[in-house]
Amino acid sequence: MSTVERLTVPDLLGRNTYEVDEVEAHIAIDAAVCATCAEKPCISVCPAQLYAVAPDGVVTFDHAGCLECGTCRIVCVTGGIVRWTYPRGSYGVRYRQG
Amino acid sequence: MTGAAEDAVDVIVVGAGPAGIACAFRLARAGRTVVLVERGTSAGSKNVSGGRLYTYALEAVEAGLAAQAPWERSVVREQVMVMDGERSLTVSLAGGPASTPGLPTSVTVLRARFDEWFAGKAEEAGALLATGIMVDSLIEEGGRIVGIRAGGEEMRAGVVVAADGVSSVLARAAGLVGELSAEAVGVGVKEVIALDASVIEDRFAVGQGEGAATLMLGCTDGVHGGGFLYTNAASVSLGVVASPAGLSGSGRTVHEMLQALKGHPGVRPLIAGGHTLEYAAHLVREDGWRGVPRRLTREGFLVTGEAAGFVLNLGYTVRGMDLALLSGIAAAEAIVAGGDLEHAYRAALGRSGLSATMRAVRGYDDLLQIPRLYRMYPGLALDLAGSIFEVGPEVPRPVRRRVHAALRANHLPLRTVLRDGLVGVRSV
Ligand SMILES: Cc1cc2nc3c(=O)[nH]c(=O)nc-3n(C[C@H](O)[C@H](O)[C@H](O)COP(=O)(O)OP(=O)(O)OC[C@H]3O[C@@H](n4cnc5c(N)ncnc54)[C@H](O)[C@@H]3O)c2cc1C
Ligand code: SF4
């Protein structure tokens with residue numbers, strides 16, 4: 001019997017349709033503030049794994065695969081997420097199933 | 001769009017989810033000019049749910065709607081699966097009368113399809129649907145909300161309805177709700193996995209067009225949350241919801257929980273051979289009646305649906321879409337009634353039974369707050385169930401001894417179980 005594959009997050013995001021806003025990022029972080037955050041909850045809660053700590057210790061973020069769930073915004077206590085909105089109208093993820 | 005007052009519409013509804021669409025539909029039916037603004041390119045393209053809709057609420061919008069809705073399958077099998085490690089215990093309930101004759105009590109839906117259809121119904125009723133527009137802020141004049149701003153343009157209305165969902169930017173901007181706390185919500189992830197219709201019917205032991213709703217406990221690594229599996233026409237929706245507060249700093253992630261769930265011996269055979277079509281994530285309110293703000297309106301402004309906290313997570317089912325529909329209807333009735341908006345809205349919510357429904361299950365929050373529910377009790381249930389089927393050469397131990405052994409193995413003192421049991425009894 002074949003089994004459903006275990007998928008990595010990038011693989012999962014690859015199944016989705018996006019209209020990526022190349023001009024404007026709807027979420028922005030201030031890496032200097034993030035550097036002072038001990039817990040960095042965003043890294044474990046983001047279901048799209050868009051937050052990461054680079055080898056040099058700097059927090060990075062990529063808005064392109066965002067699922068627009070809003071979880072990072074509510075767990076960010078240090079204030080490193082300096083901007084959180086939805087993408088501009090008609091940009092972002094486009095669920096075909098939902 | 002224009003700022004001139006003479007071009008203003010009666011009502012702007014922000015958000016084409018079930019709450020906003022129901023509200024716009026009823027307002028249009030009542031002869032009001034209404035614009036339904038949605039940030040997605042089509043209604044539903046930003047929306048995610050587990051997938052079960054109770055049909056009574058759609059019928060409350062207008063009789064006959066449920067039969068036309070593009071639902072996936074009628075739910076004829078209710079299941080609860082308790083998991084611990086590789087083990088699982090499933091309770092499966094089938095049969096029972098429908099609440100409305102000729103209609104299934106609940107059906108599964110995929111939101112991209114369902115919301116788009118429903119928004120089309122509101123358009124047919126006379127509402128103007130404006131998609132691809134993200135509302136940025138509210139226009140306030142002399143303490144009254146008089147319109148919205150979107151992409152640098154303004155649009156005015158007698159009343160603005162915020163039906164913008166769980167993260168409601170507008171209800172916050174209006175000062176009716178504060179910041180969402182990480183304890184008040186669950187973060188849900190879900191995969192829609194394609195499977196042949198006949199395979200689904202075989203695996204879930206249902207007939208053509210029929211389906212199952214399965215809720216799971218014990219698949220969140222001890223974090224407050226659970227799993228769900230709903231059957232669609234030619235796919236299944238498999239997901240996990242977990243508390244962001246519980247996940248933060250725990251090293252556990254909700255997407256890993258979902259991948260582990262796919263490989264669980266209790267789930268794997270049900271989805272084997274399937275192909276993942278889509279991966280989605282969304283928040284859902286979990287604070288029940290406590291999460292509903294004290295004021296739901298301001299002059300010229302009203303909040304409805306999940307933006308107003310109208311969701312119930314009962315553990316064995318989530319009721320967000322039906323309560324969104326009921327609250328959207330109540331919002332429309334309040335606007336049509338005129339006079340004091342808060343008073344009219346509360347009255348309409350009371351008539352629909354929504355407030356009473358939410359208050360009636362208040363104790364469930366206490367039950368679902370018991371941390372042992374997410375690891376120790378699943379373990380206990382499986383140890384006890386497993387011990388019944390244990391057969392070997394040795395003489396079986398008396399039941400009492402087995403219970404004690406199971407309690408000890410799961411680090412559960414008897415008095416804790418009794419105390420939790422009391423919370424459970426009080427909650428129902
Ligand atoms: C994982 C998961 C499983 C669930 N399972 C179930 C279930 O099985 N059954 C059930 O009944 N409920 C379920 N729910 C809950 C249910 O999905 C929601 O409670 C329900 O969709 C709320 O409806 P709504 O109309 O209030 O908001 P939404 O459906 O969220 O609609 C809000 C709309 O507003 C739009 N919007 C938001 N902001 C703006 C803006 N600024 N400008 C323009 N448009 C905007 C959004 O794009 C969206 O279309 C689940 C939720 C999740 C996350
Ligand atoms: S909104 Fe959700 S998917 Fe997007 S970055 Fe934040 S947590 Fe990740």
# chains A, B, ... in the order shown; residues from 1 in each chain; ligands from 1
call {"tool": "residues_near_ligand", "arguments": {"ligand": "ligand 2", "cutoff": "8 Å", "atoms": "only C-alpha atoms and all ligand atoms", "output": "compact mmCIF listing (two decimals) with N, CA, C and O atoms, in the first residue's frame"}}
result
# COMPACT_ATOMS: atom_id res chain seq x y z
N ILE A 27 4.52 42.09 6.11
CA ILE A 27 5.04 41.91 7.47
C ILE A 27 6.50 42.35 7.44
O ILE A 27 7.23 42.02 6.50
N CYS A 42 8.18 33.29 17.42
CA CYS A 42 7.77 33.29 16.02
C CYS A 42 8.35 32.09 15.27
O CYS A 42 7.71 31.53 14.38
N VAL A 45 6.21 28.97 16.08
CA VAL A 45 4.76 28.99 15.79
C VAL A 45 4.42 29.17 14.32
O VAL A 45 3.35 28.75 13.88
N CYS A 46 5.27 29.77 13.54
CA CYS A 46 4.90 30.04 12.14
C CYS A 46 4.74 28.73 11.38
O CYS A 46 5.71 28.00 11.20
N PRO A 47 3.52 28.42 10.94
CA PRO A 47 3.28 27.15 10.26
C PRO A 47 3.92 27.09 8.87
O PRO A 47 3.94 26.03 8.25
N ALA A 48 4.42 28.23 8.41
CA ALA A 48 5.08 28.25 7.10
C ALA A 48 6.61 28.34 7.26
O ALA A 48 7.32 28.44 6.26
N GLN A 49 7.06 28.30 8.51
CA GLN A 49 8.50 28.35 8.81
C GLN A 49 9.22 29.51 8.12
O GLN A 49 10.27 29.32 7.52
N LEU A 50 8.64 30.69 8.23
CA LEU A 50 9.22 31.82 7.50
C LEU A 50 10.22 32.62 8.35
O LEU A 50 10.93 33.46 7.83
N TYR A 51 10.22 32.35 9.65
CA TYR A 51 11.19 33.00 10.52
C TYR A 51 12.34 32.04 10.77
O TYR A 51 12.11 30.85 10.98
N PHE A 61 13.33 36.92 7.90
CA PHE A 61 11.93 36.66 7.58
C PHE A 61 11.70 36.82 6.08
O PHE A 61 12.27 37.71 5.46
N ASP A 62 10.88 35.92 5.53
CA ASP A 62 10.58 35.98 4.11
C ASP A 62 9.06 35.96 3.96
O ASP A 62 8.41 35.00 4.38
N HIS A 63 8.48 37.01 3.40
CA HIS A 63 7.01 37.10 3.38
C HIS A 63 6.35 36.27 2.27
O HIS A 63 5.14 36.07 2.28
N GLY A 65 5.96 33.11 1.36
CA GLY A 65 5.14 31.89 1.55
C GLY A 65 4.07 32.04 2.61
O GLY A 65 3.45 31.06 3.03
N CYS A 66 3.82 33.26 3.04
CA CYS A 66 2.93 33.52 4.18
C CYS A 66 1.51 32.98 3.95
O CYS A 66 0.93 33.17 2.89
N LEU A 67 0.99 32.33 4.97
CA LEU A 67 -0.36 31.77 4.91
C LEU A 67 -1.39 32.73 5.52
O LEU A 67 -2.57 32.41 5.60
N GLU A 68 -0.90 33.88 5.99
CA GLU A 68 -1.74 34.96 6.51
C GLU A 68 -2.57 34.55 7.72
O GLU A 68 -3.69 35.02 7.90
N CYS A 69 -1.97 33.68 8.55
CA CYS A 69 -2.73 33.18 9.70
C CYS A 69 -2.75 34.15 10.87
O CYS A 69 -3.66 34.14 11.68
N GLY A 70 -1.70 34.97 10.99
CA GLY A 70 -1.68 35.94 12.09
C GLY A 70 -1.07 35.44 13.39
O GLY A 70 -1.08 36.16 14.39
N THR A 71 -0.53 34.23 13.39
CA THR A 71 -0.01 33.68 14.64
C THR A 71 1.24 34.42 15.12
O THR A 71 1.40 34.68 16.31
N CYS A 72 2.12 34.78 14.18
CA CYS A 72 3.35 35.48 14.59
C CYS A 72 3.03 36.78 15.30
O CYS A 72 3.68 37.13 16.27
N ARG A 73 2.03 37.47 14.82
CA ARG A 73 1.69 38.76 15.40
C ARG A 73 1.30 38.63 16.87
O ARG A 73 1.72 39.42 17.71
N ALA B 281 -3.23 27.45 6.73
CA ALA B 281 -3.15 27.75 8.17
C ALA B 281 -4.07 28.91 8.49
O ALA B 281 -4.25 29.82 7.68
N HIS B 282 -4.63 28.88 9.69
CA HIS B 282 -5.57 29.92 10.11
C HIS B 282 -5.70 29.88 11.62
O HIS B 282 -5.52 28.82 12.21
call {"tool": "select_by_dssp", "arguments": {"residues": "chain A", "states": "strand (DSSP E or B)", "output": "list in words"}}
result
Tyr18, Glu19, Ile27, Ala28, Ile29, Tyr51, Ala52, Val53, Val59, Thr60, Phe61, Ile81, Val82, Arg83, Trp84, Gly92 and Val93 of chain A
call {"tool": "closest_residue", "arguments": {"among": "B:Ala205, B:Leu312, B:Leu93, B:Ala184", "to": "ligand 1", "atoms": "only C-alpha atoms and all ligand atoms"}}
result
B:Leu312
call {"tool": "select_by_dssp", "arguments": {"residues": "chain A", "states": "alpha helix (DSSP H)", "output": "ChimeraX atom specification"}}
result
/A:9-13,31-35,41-45,71-75
call {"tool": "closest_atom_pairs", "arguments": {"of": "chain A", "to": "ligand 1", "cutoff": "12 Å", "atoms": "only C-alpha atoms and all ligand atoms", "output": "JSON lines"}}
result
{"residue": "A:Leu67", "atom": "CA", "partner": "ligand 1", "partner_atom_place_in_ligand_line": "53 (C)", "distance": 11.8}
{"residue": "A:Glu68", "atom": "CA", "partner": "ligand 1", "partner_atom_place_in_ligand_line": "47 (O)", "distance": 9.6}
{"residue": "A:Cys69", "atom": "CA", "partner": "ligand 1", "partner_atom_place_in_ligand_line": "53 (C)", "distance": 8.6}
{"residue": "A:Gly70", "atom": "CA", "partner": "ligand 1", "partner_atom_place_in_ligand_line": "53 (C)", "distance": 11.0}
{"residue": "A:Thr71", "atom": "CA", "partner": "ligand 1", "partner_atom_place_in_ligand_line": "53 (C)", "distance": 11.2}
{"residue": "A:Trp84", "atom": "CA", "partner": "ligand 1", "partner_atom_place_in_ligand_line": "41 (N)", "distance": 11.9}
{"residue": "A:Thr85", "atom": "CA", "partner": "ligand 1", "partner_atom_place_in_ligand_line": "41 (N)", "distance": 8.5}
{"residue": "A:Tyr86", "atom": "CA", "partner": "ligand 1", "partner_atom_place_in_ligand_line": "41 (N)", "distance": 7.3}
{"residue": "A:Pro87", "atom": "CA", "partner": "ligand 1", "partner_atom_place_in_ligand_line": "41 (N)", "distance": 9.6}
{"residue": "A:Arg88", "atom": "CA", "partner": "ligand 1", "partner_atom_place_in_ligand_line": "42 (N)", "distance": 9.1}
{"residue": "A:Gly89", "atom": "CA", "partner": "ligand 1", "partner_atom_place_in_ligand_line": "43 (C)", "distance": 7.6}
{"residue": "A:Ser90", "atom": "CA", "partner": "ligand 1", "partner_atom_place_in_ligand_line": "47 (O)", "distance": 9.7}
{"residue": "A:Tyr91", "atom": "CA", "partner": "ligand 1", "partner_atom_place_in_ligand_line": "47 (O)", "distance": 11.2}
{"residue": "A:Gly92", "atom": "CA", "partner": "ligand 1", "partner_atom_place_in_ligand_line": "47 (O)", "distance": 10.8}
{"residue": "A:Val93", "atom": "CA", "partner": "ligand 1", "partner_atom_place_in_ligand_line": "47 (O)", "distance": 10.6}
{"residue": "A:Arg94", "atom": "CA", "partner": "ligand 1", "partner_atom_place_in_ligand_line": "47 (O)", "distance": 10.2}
{"residue": "A:Tyr95", "atom": "CA", "partner": "ligand 1", "partner_atom_place_in_ligand_line": "47 (O)", "distance": 10.7}
{"residue": "A:Gly98", "atom": "CA", "partner": "ligand 1", "partner_atom_place_in_ligand_line": "17 (O)", "distance": 9.5}
call {"tool": "write_last_selection", "arguments": {"atoms": "N, CA and C atoms", "output": "PDB file, in the first residue's frame"}}
result
ATOM      1  N   LEU A  67       0.986  32.325   4.973  1.00  0.00           N
ATOM      2  CA  LEU A  67      -0.361  31.766   4.907  1.00  0.00           C
ATOM      3  C   LEU A  67      -1.387  32.727   5.523  1.00  0.00           C
ATOM      4  N   GLU A  68      -0.896  33.880   5.995  1.00  0.00           N
ATOM      5  CA  GLU A  68      -1.741  34.961   6.514  1.00  0.00           C
ATOM      6  C   GLU A  68      -2.569  34.553   7.721  1.00  0.00           C
ATOM      7  N   CYS A  69      -1.975  33.683   8.549  1.00  0.00           N
ATOM      8  CA  CYS A  69      -2.729  33.179   9.700  1.00  0.00           C
ATOM      9  C   CYS A  69      -2.747  34.152  10.867  1.00  0.00           C
ATOM     10  N   GLY A  70      -1.699  34.968  10.993  1.00  0.00           N
ATOM     11  CA  GLY A  70      -1.680  35.942  12.091  1.00  0.00           C
ATOM     12  C   GLY A  70      -1.066  35.443  13.387  1.00  0.00           C
ATOM     13  N   THR A  71      -0.535  34.234  13.388  1.00  0.00           N
ATOM     14  CA  THR A  71      -0.007  33.678  14.640  1.00  0.00           C
ATOM     15  C   THR A  71       1.243  34.418  15.122  1.00  0.00           C
ATOM     16  N   TRP A  84       2.541  44.410  10.733  1.00  0.00           N
ATOM     17  CA  TRP A  84       1.800  43.201  10.377  1.00  0.00           C
ATOM     18  C   TRP A  84       0.461  43.624   9.817  1.00  0.00           C
ATOM     19  N   THR A  85       0.266  43.386   8.559  1.00  0.00           N
ATOM     20  CA  THR A  85      -1.049  43.582   7.951  1.00  0.00           C
ATOM     21  C   THR A  85      -1.268  42.399   7.022  1.00  0.00           C
ATOM     22  N   TYR A  86      -2.427  42.343   6.414  1.00  0.00           N
ATOM     23  CA  TYR A  86      -2.625  41.389   5.332  1.00  0.00           C
ATOM     24  C   TYR A  86      -1.953  41.971   4.097  1.00  0.00           C
ATOM     25  N   PRO A  87      -1.645  41.124   3.109  1.00  0.00           N
ATOM     26  CA  PRO A  87      -1.122  41.669   1.857  1.00  0.00           C
ATOM     27  C   PRO A  87      -2.145  42.624   1.240  1.00  0.00           C
ATOM     28  N   ARG A  88      -1.661  43.508   0.368  1.00  0.00           N
ATOM     29  CA  ARG A  88      -2.580  44.409  -0.349  1.00  0.00           C
ATOM     30  C   ARG A  88      -3.635  43.576  -1.075  1.00  0.00           C
ATOM     31  N   GLY A  89      -4.776  44.185  -1.333  1.00  0.00           N
ATOM     32  CA  GLY A  89      -5.880  43.481  -1.975  1.00  0.00           C
ATOM     33  C   GLY A  89      -5.425  42.625  -3.146  1.00  0.00           C
ATOM     34  N   SER A  90      -5.904  41.397  -3.202  1.00  0.00           N
ATOM     35  CA  SER A  90      -5.672  40.396  -4.257  1.00  0.00           C
ATOM     36  C   SER A  90      -4.261  39.801  -4.270  1.00  0.00           C
ATOM     37  N   TYR A  91      -3.332  40.292  -3.418  1.00  0.00           N
ATOM     38  CA  TYR A  91      -2.031  39.632  -3.301  1.00  0.00           C
ATOM     39  C   TYR A  91      -2.065  38.570  -2.205  1.00  0.00           C
ATOM     40  N   GLY A  92      -1.015  37.755  -2.189  1.00  0.00           N
ATOM     41  CA  GLY A  92      -0.857  36.763  -1.124  1.00  0.00           C
ATOM     42  C   GLY A  92      -1.337  35.385  -1.533  1.00  0.00           C
ATOM     43  N   VAL A  93      -1.623  34.563  -0.516  1.00  0.00           N
ATOM     44  CA  VAL A  93      -2.033  33.186  -0.790  1.00  0.00           C
ATOM     45  C   VAL A  93      -3.431  33.181  -1.416  1.00  0.00           C
ATOM     46  N   ARG A  94      -3.671  32.234  -2.307  1.00  0.00           N
ATOM     47  CA  ARG A  94      -5.005  32.092  -2.884  1.00  0.00           C
ATOM     48  C   ARG A  94      -5.437  30.638  -2.717  1.00  0.00           C
ATOM     49  N   TYR A  95      -6.224  30.400  -1.688  1.00  0.00           N
ATOM     50  CA  TYR A  95      -6.670  29.026  -1.433  1.00  0.00           C
ATOM     51  C   TYR A  95      -7.664  28.594  -2.511  1.00  0.00           C
ATOM     52  N   GLY A  98      -9.417  25.423   0.717  1.00  0.00           N
ATOM     53  CA  GLY A  98      -9.803  26.201   1.910  1.00  0.00           C
ATOM     54  C   GLY A  98     -10.443  25.391   2.989  1.00  0.00           C
TER      55      GLY A  98
END
call {"tool": "residues_around", "arguments": {"residues": "stretch 349-358 of chain B", "least_positions_apart": "2", "cutoff": "7 Å", "atoms": "only C-alpha atoms", "output": "PyMOL selection string"}}
result
chain B and resi 288-289+323+326-327+330+345-347+360-362
call {"tool": "closest_atom_pairs", "arguments": {"of": "chain B", "to": "chain A", "cutoff": "8 Å", "atoms": "only C-alpha atoms", "output": "JSON lines"}}
result
{"residue": "B:Arg39", "atom": "CA", "partner": "A:Gly89", "partner_atom": "CA", "distance": 4.9}
{"residue": "B:Gly40", "atom": "CA", "partner": "A:Ser90", "partner_atom": "CA", "distance": 5.1}
{"residue": "B:Thr41", "atom": "CA", "partner": "A:Ser90", "partner_atom": "CA", "distance": 4.9}
{"residue": "B:Gly44", "atom": "CA", "partner": "A:Gly98", "partner_atom": "CA", "distance": 7.1}
{"residue": "B:Ser45", "atom": "CA", "partner": "A:Tyr95", "partner_atom": "CA", "distance": 4.7}
{"residue": "B:Lys46", "atom": "CA", "partner": "A:Tyr95", "partner_atom": "CA", "distance": 5.9}
{"residue": "B:Asn47", "atom": "CA", "partner": "A:Gly98", "partner_atom": "CA", "distance": 5.6}
{"residue": "B:Val48", "atom": "CA", "partner": "A:Gly98", "partner_atom": "CA", "distance": 4.5}
{"residue": "B:Ser49", "atom": "CA", "partner": "A:Gly98", "partner_atom": "CA", "distance": 6.7}
{"residue": "B:Leu110", "atom": "CA", "partner": "A:Gly98", "partner_atom": "CA", "distance": 5.4}
{"residue": "B:Arg111", "atom": "CA", "partner": "A:Gly98", "partner_atom": "CA", "distance": 4.7}
{"residue": "B:Ala112", "atom": "CA", "partner": "A:Gln97", "partner_atom": "CA", "distance": 5.1}
{"residue": "B:Arg113", "atom": "CA", "partner": "A:Gln97", "partner_atom": "CA", "distance": 6.9}
{"residue": "B:Thr131", "atom": "CA", "partner": "A:Ser90", "partner_atom": "CA", "distance": 7.7}
{"residue": "B:Gly132", "atom": "CA", "partner": "A:Ser90", "partner_atom": "CA", "distance": 4.2}
{"residue": "B:Ile133", "atom": "CA", "partner": "A:Gly89", "partner_atom": "CA", "distance": 4.4}
{"residue": "B:Met134", "atom": "CA", "partner": "A:Gly89", "partner_atom": "CA", "distance": 4.5}
{"residue": "B:Gly151", "atom": "CA", "partner": "A:Arg88", "partner_atom": "CA", "distance": 7.9}
{"residue": "B:Ser167", "atom": "CA", "partner": "A:Gly70", "partner_atom": "CA", "distance": 6.9}
{"residue": "B:Glu179", "atom": "CA", "partner": "A:Ile74", "partner_atom": "CA", "distance": 7.7}
{"residue": "B:Leu180", "atom": "CA", "partner": "A:Ile74", "partner_atom": "CA", "distance": 6.3}
{"residue": "B:Ser181", "atom": "CA", "partner": "A:Ile74", "partner_atom": "CA", "distance": 6.2}
{"residue": "B:Ala182", "atom": "CA", "partner": "A:Ile74", "partner_atom": "CA", "distance": 5.8}
{"residue": "B:Val187", "atom": "CA", "partner": "A:Thr71", "partner_atom": "CA", "distance": 6.8}
{"residue": "B:Val189", "atom": "CA", "partner": "A:Pro47", "partner_atom": "CA", "distance": 7.1}
{"residue": "B:Val192", "atom": "CA", "partner": "A:Gln97", "partner_atom": "CA", "distance": 7.3}
{"residue": "B:Pro244", "atom": "CA", "partner": "A:Val45", "partner_atom": "CA", "distance": 6.2}
{"residue": "B:Ala245", "atom": "CA", "partner": "A:Val75", "partner_atom": "CA", "distance": 7.3}
{"residue": "B:Leu247", "atom": "CA", "partner": "A:Val45", "partner_atom": "CA", "distance": 6.3}
{"residue": "B:Ser248", "atom": "CA", "partner": "A:Pro41", "partner_atom": "CA", "distance": 4.7}
{"residue": "B:Gly249", "atom": "CA", "partner": "A:Pro41", "partner_atom": "CA", "distance": 5.6}
{"residue": "B:Ser250", "atom": "CA", "partner": "A:Ser44", "partner_atom": "CA", "distance": 7.9}
{"residue": "B:Gly251", "atom": "CA", "partner": "A:Ser44", "partner_atom": "CA", "distance": 6.4}
{"residue": "B:Arg252", "atom": "CA", "partner": "A:Ser44", "partner_atom": "CA", "distance": 6.8}
{"residue": "B:Thr253", "atom": "CA", "partner": "A:Ser44", "partner_atom": "CA", "distance": 5.6}
{"residue": "B:Val254", "atom": "CA", "partner": "A:Pro47", "partner_atom": "CA", "distance": 6.5}
{"residue": "B:His255", "atom": "CA", "partner": "A:Pro47", "partner_atom": "CA", "distance": 5.8}
{"residue": "B:Gln259", "atom": "CA", "partner": "A:Arg6", "partner_atom": "CA", "distance": 5.7}
{"residue": "B:Ala260", "atom": "CA", "partner": "A:Arg6", "partner_atom": "CA", "distance": 7.9}
{"residue": "B:Lys262", "atom": "CA", "partner": "A:Val4", "partner_atom": "CA", "distance": 7.1}
{"residue": "B:Gly263", "atom": "CA", "partner": "A:Arg6", "partner_atom": "CA", "distance": 7.5}
{"residue": "B:Arg268", "atom": "CA", "partner": "A:Thr3", "partner_atom": "CA", "distance": 6.9}
{"residue": "B:Pro269", "atom": "CA", "partner": "A:Thr3", "partner_atom": "CA", "distance": 7.7}
{"residue": "B:Ile271", "atom": "CA", "partner": "A:Val4", "partner_atom": "CA", "distance": 6.5}
{"residue": "B:Ala272", "atom": "CA", "partner": "A:Thr3", "partner_atom": "CA", "distance": 4.3}
{"residue": "B:Gly273", "atom": "CA", "partner": "A:Ser2", "partner_atom": "CA", "distance": 5.1}
{"residue": "B:Gly274", "atom": "CA", "partner": "A:Val4", "partner_atom": "CA", "distance": 5.7}
{"residue": "B:His275", "atom": "CA", "partner": "A:Val4", "partner_atom": "CA", "distance": 6.7}
{"residue": "B:Thr276", "atom": "CA", "partner": "A:Arg15", "partner_atom": "CA", "distance": 7.4}
{"residue": "B:Leu277", "atom": "CA", "partner": "A:Arg15", "partner_atom": "CA", "distance": 6.0}
{"residue": "B:Glu278", "atom": "CA", "partner": "A:Arg15", "partner_atom": "CA", "distance": 5.2}
{"residue": "B:Tyr279", "atom": "CA", "partner": "A:Leu12", "partner_atom": "CA", "distance": 5.7}
{"residue": "B:Ala280", "atom": "CA", "partner": "A:Leu67", "partner_atom": "CA", "distance": 6.5}
{"residue": "B:Ala281", "atom": "CA", "partner": "A:Cys69", "partner_atom": "CA", "distance": 5.7}
{"residue": "B:His282", "atom": "CA", "partner": "A:Cys69", "partner_atom": "CA", "distance": 4.3}
{"residue": "B:Leu283", "atom": "CA", "partner": "A:Cys69", "partner_atom": "CA", "distance": 5.8}
call {"tool": "closest_residue", "arguments": {"among": "B:Gly96, B:Gly424, B:Val403, B:Ile21", "to": "B:Ile388", "atoms": "only C-alpha atoms"}}
result
B:Val403
call {"tool": "residues_around", "arguments": {"residues": "B:Asp84", "least_positions_apart": "5", "cutoff": "10 Å", "atoms": "only C-alpha atoms", "output": "PyMOL selection string"}}
result
chain B and resi 89+217-221+264+374-383
call {"tool": "write_last_selection", "arguments": {"atoms": "N, CA, C and O atoms", "output": "mmCIF file, in the first residue's frame"}}
result
data_model
loop_
_atom_site.group_PDB
_atom_site.id
_atom_site.type_symbol
_atom_site.label_atom_id
_atom_site.label_comp_id
_atom_site.auth_asym_id
_atom_site.auth_seq_id
_atom_site.Cartn_x
_atom_site.Cartn_y
_atom_site.Cartn_z
ATOM 1 N N LEU B 89 -7.803 4.786 19.808
ATOM 2 C CA LEU B 89 -9.092 4.226 20.204
ATOM 3 C C LEU B 89 -10.146 5.102 19.548
ATOM 4 O O LEU B 89 -10.181 6.311 19.773
ATOM 5 N N LEU B 217 -7.905 13.485 19.741
ATOM 6 C CA LEU B 217 -7.312 13.982 20.977
ATOM 7 C C LEU B 217 -6.045 13.175 21.231
ATOM 8 O O LEU B 217 -6.043 11.953 21.062
ATOM 9 N N GLY B 218 -4.989 13.863 21.637
ATOM 10 C CA GLY B 218 -3.758 13.141 21.964
ATOM 11 C C GLY B 218 -2.751 13.147 20.827
ATOM 12 O O GLY B 218 -1.812 12.362 20.837
ATOM 13 N N CYS B 219 -2.951 14.036 19.852
ATOM 14 C CA CYS B 219 -2.027 14.088 18.719
ATOM 15 C C CYS B 219 -1.243 15.398 18.723
ATOM 16 O O CYS B 219 -0.692 15.807 17.708
ATOM 17 N N THR B 220 -1.208 16.090 19.901
ATOM 18 C CA THR B 220 -0.557 17.401 19.940
ATOM 19 C C THR B 220 0.608 17.434 20.928
ATOM 20 O O THR B 220 0.984 18.490 21.416
ATOM 21 N N ASP B 221 1.155 16.241 21.226
ATOM 22 C CA ASP B 221 2.366 16.203 22.047
ATOM 23 C C ASP B 221 2.166 16.875 23.400
ATOM 24 O O ASP B 221 3.079 17.514 23.922
ATOM 25 N N HIS B 264 0.555 8.332 11.571
ATOM 26 C CA HIS B 264 0.043 7.545 12.708
ATOM 27 C C HIS B 264 -0.718 6.314 12.194
ATOM 28 O O HIS B 264 -1.512 6.429 11.257
ATOM 29 N N TYR B 374 -4.691 16.475 27.252
ATOM 30 C CA TYR B 374 -3.963 16.400 25.992
ATOM 31 C C TYR B 374 -2.831 15.382 25.993
ATOM 32 O O TYR B 374 -2.208 15.155 24.981
ATOM 33 N N ARG B 375 -2.522 14.793 27.168
ATOM 34 C CA ARG B 375 -1.534 13.725 27.159
ATOM 35 C C ARG B 375 -1.918 12.569 28.078
ATOM 36 O O ARG B 375 -2.046 11.435 27.646
ATOM 37 N N MET B 376 -2.176 12.887 29.360
ATOM 38 C CA MET B 376 -2.359 11.810 30.325
ATOM 39 C C MET B 376 -3.662 11.051 30.129
ATOM 40 O O MET B 376 -3.675 9.823 30.187
ATOM 41 N N TYR B 377 -4.746 11.759 29.876
ATOM 42 C CA TYR B 377 -6.018 11.056 29.721
ATOM 43 C C TYR B 377 -6.069 10.185 28.461
ATOM 44 O O TYR B 377 -6.570 9.063 28.512
ATOM 45 N N PRO B 378 -5.536 10.662 27.328
ATOM 46 C CA PRO B 378 -5.463 9.735 26.192
ATOM 47 C C PRO B 378 -4.677 8.469 26.541
ATOM 48 O O PRO B 378 -5.083 7.354 26.208
ATOM 49 N N GLY B 379 -3.574 8.636 27.267
ATOM 50 C CA GLY B 379 -2.774 7.478 27.671
ATOM 51 C C GLY B 379 -3.566 6.543 28.563
ATOM 52 O O GLY B 379 -3.567 5.324 28.382
ATOM 53 N N LEU B 380 -4.287 7.140 29.503
ATOM 54 C CA LEU B 380 -5.097 6.345 30.432
ATOM 55 C C LEU B 380 -6.183 5.563 29.686
ATOM 56 O O LEU B 380 -6.371 4.365 29.900
ATOM 57 N N ALA B 381 -6.881 6.255 28.787
ATOM 58 C CA ALA B 381 -7.967 5.612 28.037
ATOM 59 C C ALA B 381 -7.430 4.426 27.245
ATOM 60 O O ALA B 381 -8.043 3.349 27.206
ATOM 61 N N LEU B 382 -6.271 4.606 26.639
ATOM 62 C CA LEU B 382 -5.725 3.530 25.815
ATOM 63 C C LEU B 382 -5.187 2.395 26.665
ATOM 64 O O LEU B 382 -5.310 1.228 26.288
ATOM 65 N N ASP B 383 -4.606 2.706 27.826
ATOM 66 C CA ASP B 383 -4.136 1.640 28.713
ATOM 67 C C ASP B 383 -5.311 0.794 29.182
ATOM 68 O O ASP B 383 -5.248 -0.432 29.197
#
call {"tool": "atom_distance", "arguments": {"atom1": "atom CA of B:Arg26", "atom2": "atom CA of B:Val61"}}
result
7.2 Å
call {"tool": "closest_residue", "arguments": {"among": "B:Val14, B:Ala127, B:Ala171, B:Ala334", "to": "B:Arg29", "atoms": "only C-alpha atoms"}}
result
B:Ala127
